[in-house]
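Printed here is query09.txt (compact mmCIF, C-alpha atoms):
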# COMPACT_ATOMS: atom_id res chain seq x y z
CA MET A 796 -29.78 190.67 102.40
CA ARG A 797 -30.41 187.83 104.83
CA ALA A 798 -29.77 185.33 102.06
CA SER A 799 -26.48 187.01 101.21
CA VAL A 800 -25.30 186.83 104.82
CA LEU A 801 -26.31 183.17 104.98
CA ALA A 802 -24.47 182.42 101.75
CA ILE A 803 -21.29 184.10 102.99
CA ALA A 804 -21.55 182.32 106.35
CA LEU A 805 -21.88 178.95 104.62
CA LEU A 806 -18.98 179.81 102.33
CA VAL A 807 -16.67 180.66 105.21
CA ALA A 808 -17.82 177.78 107.43
CA GLY A 809 -17.19 175.23 104.73
CA CYS A 810 -13.67 176.33 103.94
CA THR A 811 -10.45 174.47 104.70
CA PRO A 812 -7.83 177.21 105.07
CA THR A 813 -5.07 174.70 105.84
CA LEU A 814 -5.46 173.01 102.46
CA CYS A 815 -4.75 174.34 99.00
CA GLY A 816 -5.99 173.53 95.54
CA ARG A 817 -3.75 175.86 93.60
CA THR A 818 -0.24 177.16 94.11
CA SER A 819 -1.63 180.68 94.09
CA ASP A 820 -3.58 179.70 97.24
CA CYS A 821 -0.19 179.53 99.00
CA LEU A 822 2.16 182.28 100.06
CA PRO A 823 4.88 183.34 97.59
CA GLY A 824 7.71 180.82 97.53
CA LEU A 825 5.43 177.92 98.41
CA VAL A 826 3.74 175.53 96.03
CA CYS A 827 0.62 173.44 96.43
CA THR A 828 1.54 169.77 96.60
CA THR A 829 -0.49 166.81 95.43
CA ALA A 830 -1.32 166.25 99.10
CA GLY A 831 -3.12 169.59 99.09
CA THR A 832 -0.69 171.38 101.39
CA CYS A 833 1.69 174.25 100.76
CA ALA A 834 5.41 173.48 100.81
CA VAL A 835 8.62 175.21 99.81
CA VAL A 836 9.56 174.52 96.23
CA ALA A 837 12.62 172.40 97.00
CA ASP A 838 10.70 170.13 99.33
CA ALA A 839 7.51 169.90 97.30
CA ALA A 840 8.83 166.94 95.32
CA LEU A 841 9.78 165.22 98.56
CA VAL A 842 6.31 165.78 100.00
CA ASP A 843 4.69 164.58 96.80
CA ALA A 844 6.88 161.48 96.70
CA LYS A 845 6.45 160.53 100.36
CA PRO A 846 3.59 162.13 102.25
CA ASP A 847 5.25 161.12 105.51
CA ALA A 848 8.65 162.40 104.44
CA GLY A 849 11.26 163.69 106.85
CA SER A 850 10.84 166.41 109.39
CA ALA A 851 12.39 169.03 107.11
CA ALA A 852 9.56 168.64 104.68
CA VAL A 853 7.02 168.61 107.47
CA ARG A 854 8.46 171.83 108.87
CA ALA A 855 8.39 173.33 105.43
CA THR A 856 4.77 172.41 104.96
CA ALA A 857 2.66 175.35 105.96
CA ALA A 858 -0.94 176.29 105.88
CA PRO A 859 -1.95 178.64 103.08
CA ASP A 860 -2.05 182.23 104.16
CA ASP A 861 -0.41 181.28 107.46
CA PRO A 862 1.82 184.22 108.45
CA SER A 863 4.34 181.79 109.92
CA ALA A 864 4.61 180.00 106.62
CA GLY A 865 7.01 182.59 105.26
CA ASP A 866 9.27 182.04 108.23
CA ALA A 867 9.14 178.30 107.71
CA ALA A 868 10.16 178.86 104.12
CA GLY A 869 12.97 181.14 105.16
CA GLN A 870 11.25 184.19 103.74
CA ALA A 871 9.73 187.30 105.12
CA PRO A 872 5.99 186.88 105.74
CA MET B 1058 -47.32 176.12 27.40
CA ARG B 1059 -44.51 178.01 29.07
CA PRO B 1060 -45.12 179.06 32.64
CA PRO B 1061 -45.11 182.75 33.23
CA VAL B 1062 -41.68 184.16 34.01
CA HIS B 1063 -42.76 185.54 37.36
CA LEU B 1064 -43.99 182.09 38.48
CA ALA B 1065 -40.63 180.52 37.66
CA ALA B 1066 -38.86 183.27 39.56
CA LEU B 1067 -41.14 182.68 42.55
CA VAL B 1068 -40.38 178.94 42.57
CA ALA B 1069 -36.66 179.59 42.25
CA ALA B 1070 -36.77 182.07 45.09
CA SER B 1071 -38.69 179.61 47.26
CA LEU B 1072 -36.20 176.84 46.61
CA GLY B 1073 -33.38 179.22 47.35
CA ALA B 1074 -34.98 180.17 50.64
CA ILE B 1075 -35.29 176.51 51.62
CA ALA B 1076 -31.76 175.61 50.60
CA ALA B 1077 -30.07 178.61 52.20
CA PRO B 1078 -31.93 180.09 55.15
CA ALA B 1079 -31.33 183.72 55.76
CA ALA B 1080 -28.32 184.38 57.92
CA ALA B 1081 -28.98 185.60 61.43
CA GLU B 1082 -28.98 189.31 61.76
CA PRO B 1083 -25.69 190.29 63.40
CA LEU B 1084 -26.26 191.24 67.01
CA TRP B 1085 -23.57 192.28 69.38
CA LEU B 1086 -23.43 192.43 73.15
CA ALA B 1087 -20.75 193.65 75.51
CA GLU B 1088 -20.71 192.37 79.06
CA ILE B 1089 -18.79 193.08 82.22
CA SER B 1090 -19.21 190.71 85.11
CA ALA B 1091 -17.82 189.75 88.48
CA GLY B 1092 -17.85 186.26 89.95
CA TYR B 1093 -17.15 184.94 93.43
CA GLY B 1094 -17.71 181.60 95.04
CA LEU B 1095 -16.14 178.41 96.26
CA ALA B 1096 -13.28 176.36 94.81
CA MET B 1097 -12.85 172.67 95.59
CA SER B 1098 -9.95 170.36 94.91
CA GLY B 1099 -9.01 166.81 95.84
CA LYS B 1100 -11.14 164.28 97.66
CA GLY B 1101 -11.64 162.81 101.09
CA VAL B 1102 -9.72 164.41 103.96
CA GLN B 1103 -7.42 166.10 101.46
CA MET B 1104 -10.29 167.93 99.79
CA SER B 1105 -9.75 171.66 99.93
CA ARG B 1106 -12.57 174.16 99.91
CA ARG B 1107 -11.57 177.79 99.61
CA PRO B 1108 -13.14 181.02 98.41
CA THR B 1109 -12.33 181.69 94.79
CA PRO B 1110 -10.53 184.81 93.69
CA LEU B 1111 -12.80 187.59 92.50
CA THR B 1112 -13.07 186.90 88.79
CA LEU B 1113 -13.69 189.91 86.57
CA THR B 1114 -14.65 189.33 82.97
CA VAL B 1115 -15.10 191.65 79.99
CA THR B 1116 -16.53 189.94 76.94
CA ALA B 1117 -18.09 190.66 73.58
CA ALA B 1118 -20.73 188.35 72.16
CA CYS B 1119 -22.04 187.99 68.64
CA ALA B 1120 -25.15 186.15 67.50
CA PHE B 1121 -24.21 183.66 64.80
CA ASP B 1122 -27.33 181.57 64.54
CA GLU B 1123 -30.98 182.43 64.83
CA ASP B 1124 -32.54 179.04 65.34
CA PRO B 1125 -31.40 177.88 67.81
CA PRO B 1126 -30.36 181.34 69.02
CA LEU B 1127 -26.64 180.87 69.55
CA TRP B 1128 -24.04 183.41 70.46
CA GLY B 1129 -20.29 183.20 70.43
CA TYR B 1130 -18.43 185.15 73.06
CA GLY B 1131 -14.87 185.94 73.96
CA GLY B 1132 -12.96 188.32 76.13
CA LEU B 1133 -10.60 189.02 78.97
CA VAL B 1134 -10.57 187.35 82.38
CA VAL B 1135 -8.87 188.82 85.43
CA GLU B 1136 -8.46 187.14 88.81
CA THR B 1137 -8.03 189.54 91.68
CA LEU B 1138 -8.60 190.12 95.40
CA ASP B 1139 -6.10 187.68 96.91
CA ARG B 1140 -4.01 187.15 93.77
CA ASN B 1141 -3.67 188.69 90.35
CA ALA B 1142 -3.80 186.90 87.03
CA ILE B 1143 -4.99 187.61 83.52
CA GLY B 1144 -6.34 185.38 80.80
CA ALA B 1145 -9.11 184.88 78.28
CA ALA B 1146 -12.43 183.14 77.90
CA VAL B 1147 -14.29 181.92 74.83
CA GLY B 1148 -17.48 179.99 74.41
CA VAL B 1149 -20.97 179.57 73.06
CA ARG B 1150 -24.21 180.76 74.63
CA LEU B 1151 -27.77 179.65 74.02
CA THR B 1152 -30.54 182.16 74.70
CA PRO B 1153 -33.93 180.55 74.04
CA HIS B 1154 -36.46 182.69 72.18
CA GLY B 1155 -38.89 184.55 74.40
CA SER B 1156 -36.95 183.75 77.54
CA HIS B 1157 -34.66 185.58 79.91
CA LEU B 1158 -32.66 182.42 80.48
CA ARG B 1159 -29.26 181.65 79.02
CA VAL B 1160 -26.93 178.69 79.10
CA SER B 1161 -23.25 178.91 78.24
CA GLY B 1162 -20.33 176.60 77.74
CA GLY B 1163 -16.75 177.26 76.85
CA GLY B 1164 -13.17 177.48 77.94
CA SER B 1165 -11.19 179.71 80.24
CA VAL B 1166 -7.44 180.09 80.27
CA LEU B 1167 -5.18 182.11 82.53
CA ILE B 1168 -1.83 182.97 81.03
CA ALA B 1169 0.07 185.20 83.46
CA PRO B 1170 1.70 185.06 85.94
CA TYR B 1171 0.67 181.41 86.06
CA THR B 1172 -1.24 179.26 83.64
CA LEU B 1173 -4.53 177.46 84.07
CA TRP B 1174 -6.68 175.69 81.52
CA GLY B 1175 -10.33 175.15 82.29
CA ALA B 1176 -13.76 174.38 80.96
CA THR B 1177 -16.77 176.42 82.00
CA ALA B 1178 -20.50 175.90 82.06
CA SER B 1179 -23.03 178.38 83.32
CA ALA B 1180 -26.74 179.01 83.50
CA GLY B 1181 -28.57 182.14 84.42
CA ALA B 1182 -30.93 184.87 83.38
CA CYS B 1183 -30.89 188.46 82.22
CA ALA B 1184 -33.36 191.28 82.55
CA HIS B 1185 -33.25 194.60 80.75
CA ALA B 1186 -32.90 197.55 83.09
CA THR B 1187 -33.08 199.98 80.18
CA ARG B 1188 -33.38 199.56 76.42
CA VAL B 1189 -29.65 198.94 76.05
CA VAL B 1190 -28.51 197.83 79.49
CA GLY B 1191 -29.36 194.53 81.13
CA LEU B 1192 -28.60 192.90 84.44
CA CYS B 1193 -27.55 189.27 84.42
CA GLY B 1194 -27.04 186.68 87.09
CA ASP B 1195 -25.45 183.29 86.46
CA VAL B 1196 -24.18 180.29 88.34
CA GLN B 1197 -20.91 179.27 86.73
CA LEU B 1198 -18.92 176.09 87.15
CA THR B 1199 -15.30 176.06 86.06
CA ALA B 1200 -13.11 172.97 86.08
CA TYR B 1201 -9.40 173.72 85.85
CA PHE B 1202 -7.61 170.63 84.66
CA ALA B 1203 -4.15 171.78 83.61
CA GLY B 1204 -1.66 174.56 84.14
CA SER B 1205 1.29 175.63 86.22
CA ASP B 1206 -0.92 176.74 89.12
CA LEU B 1207 -2.18 173.21 89.75
CA ALA B 1208 -0.34 170.58 91.72
CA GLU B 1209 0.47 167.52 89.67
CA GLY B 1210 -2.50 165.24 89.39
CA ARG B 1211 -4.94 167.69 90.95
CA THR B 1212 -7.82 169.57 89.42
CA VAL B 1213 -9.82 172.45 90.82
CA THR B 1214 -13.53 172.94 90.37
CA GLN B 1215 -15.02 176.27 91.27
CA ALA B 1216 -18.63 177.34 91.57
CA GLN B 1217 -19.28 181.04 91.31
CA LEU B 1218 -22.20 183.39 91.44
CA VAL B 1219 -21.63 185.80 88.56
CA LEU B 1220 -23.32 189.18 88.31
CA GLY B 1221 -23.01 191.15 85.12
CA LEU B 1222 -24.02 194.19 83.14
CA VAL B 1223 -24.89 193.63 79.50
CA PHE B 1224 -24.78 196.39 76.92
CA ASP B 1225 -26.89 195.71 73.87
CA ALA B 1226 -25.23 197.03 70.71
CA ARG B 1227 -28.02 195.97 68.41
Translate this structure into structure tokens?
Amino acid sequence: MRASVLAIALLVAGCTPTLCGRTSDCLPGLVCTTAGTCAVVADAALVDAKPDAGSAAVRATAAPDDPSAGDAAGQAP
Amino acid sequence: MRPPVHLAALVAASLGAIAAPAAAEPLWLAEISAGYGLAMSGKGVQMSRRPTPLTLTVTAACAFDEDPPLWGYGGLVVETLDRNAIGAAVGVRLTPHGSHLRVSGGGSVLIAPYTLWGATASAGACAHATRVVGLCGDVQLTAYFAGSDLAEGRTVTQAQLVLGLVFDAR
């Protein structure tokens, strides 16, 4: 039991919720970019092409599972 | 002097046994398992570490070689908890004689609603709870290297603790 709690604690502590590895890590309507962040589909290519792309892409980039991400993407959360 | 007929038959049978070893007795296993762990992707500051989905697997395994004791397995894979996807897994498993250990290697593919292609390797052990039911625990590594769910140029490697129930259909 103690080992299980420790394992779960380590699992959670080591996570990076603002980064994604798969598109399914992101909210619907967002895709995981090569930079490891979630972005709206239209801007994903822009983010992939230029990591420091314009502010539109930056605004569209949202943390996975971030409730505000849907708003940023123009969708209901 | 002609050798006795039964001696010739014995020699022929012996040669036959050497040339064509007896096929492994067909053995079947069914297994249901659940896996959960950590998925990693990228490197450096862009390296993501997230909990994996809960991966449910239903497989059937058949022994196809006795020495070494090799099994082939295949079945359905479902990802659930924070997403839903379905796919399949196939592979080969080695279960050394007189041991509870097992080592597996194979492939895993998710086909809907997104696609993922991966290679798996696992090691673990099983213990019989009853004559036909066993409990298994494995550590499984899966490397997803292609598919629509991956960003271009990225791969995802996940490490999972897999607990399973094995039903021996011997």
**Item:** chain A residues near chain B (7 Å cut-off, all atoms listed in the file) as a list in words
**Value:**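 Selected residues: Leu806, Gly809, Cys810, Thr811, Pro812, Leu814, Cys815, Gly816, Arg817, Thr818, Ser819, Cys827, Thr828, Thr829, Ala830 and Gly831 of chain A.
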**Message:** List as a list in words the protein and nucleic acid residues near Val836 in chain A, meaning an atom at most 7 Å away when all atoms listed in the file are counted, but skip any in the same chain fewer than 4 places from it.
**Reply:**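 Final neighbour list, sorted by chain and number: Gly824, Leu825 and Val826 of chain A.
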**Request:** Find the distance between CA of Val1115 in chain B and CA of Gly1164 in chain B and write it in Å to one decimal.
**Result:** 14.4 Å
**Message:** One number please: CA of Thr1116 in chain B to CA of Ala1146 in chain B, in Å, one decimal.
**Reply:**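 So the answer is 8.0 Å.
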**Between CA of Ile1168 in chain B and CA of Glu1136 in chain B, distance in Å (one decimal)** =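 That distance, rounded to one decimal, is 11.0 Å.
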**Request:** Give as a ChimeraX atom specification every residue, naming chains and numbers as the document does, that has an atom within 7 Å of (-16.0, 190.0, 89.0), counting all atoms listed in the file.
**Result:** /B:1090-1093,1111-1114
**Asked** Using all atoms listed in the file, which residue out of B:Gln1215, B:Ser1165, B:Leu1151, B:Phe1224 lies closest to Leu1192 in chain B?
**Response** B:Phe1224
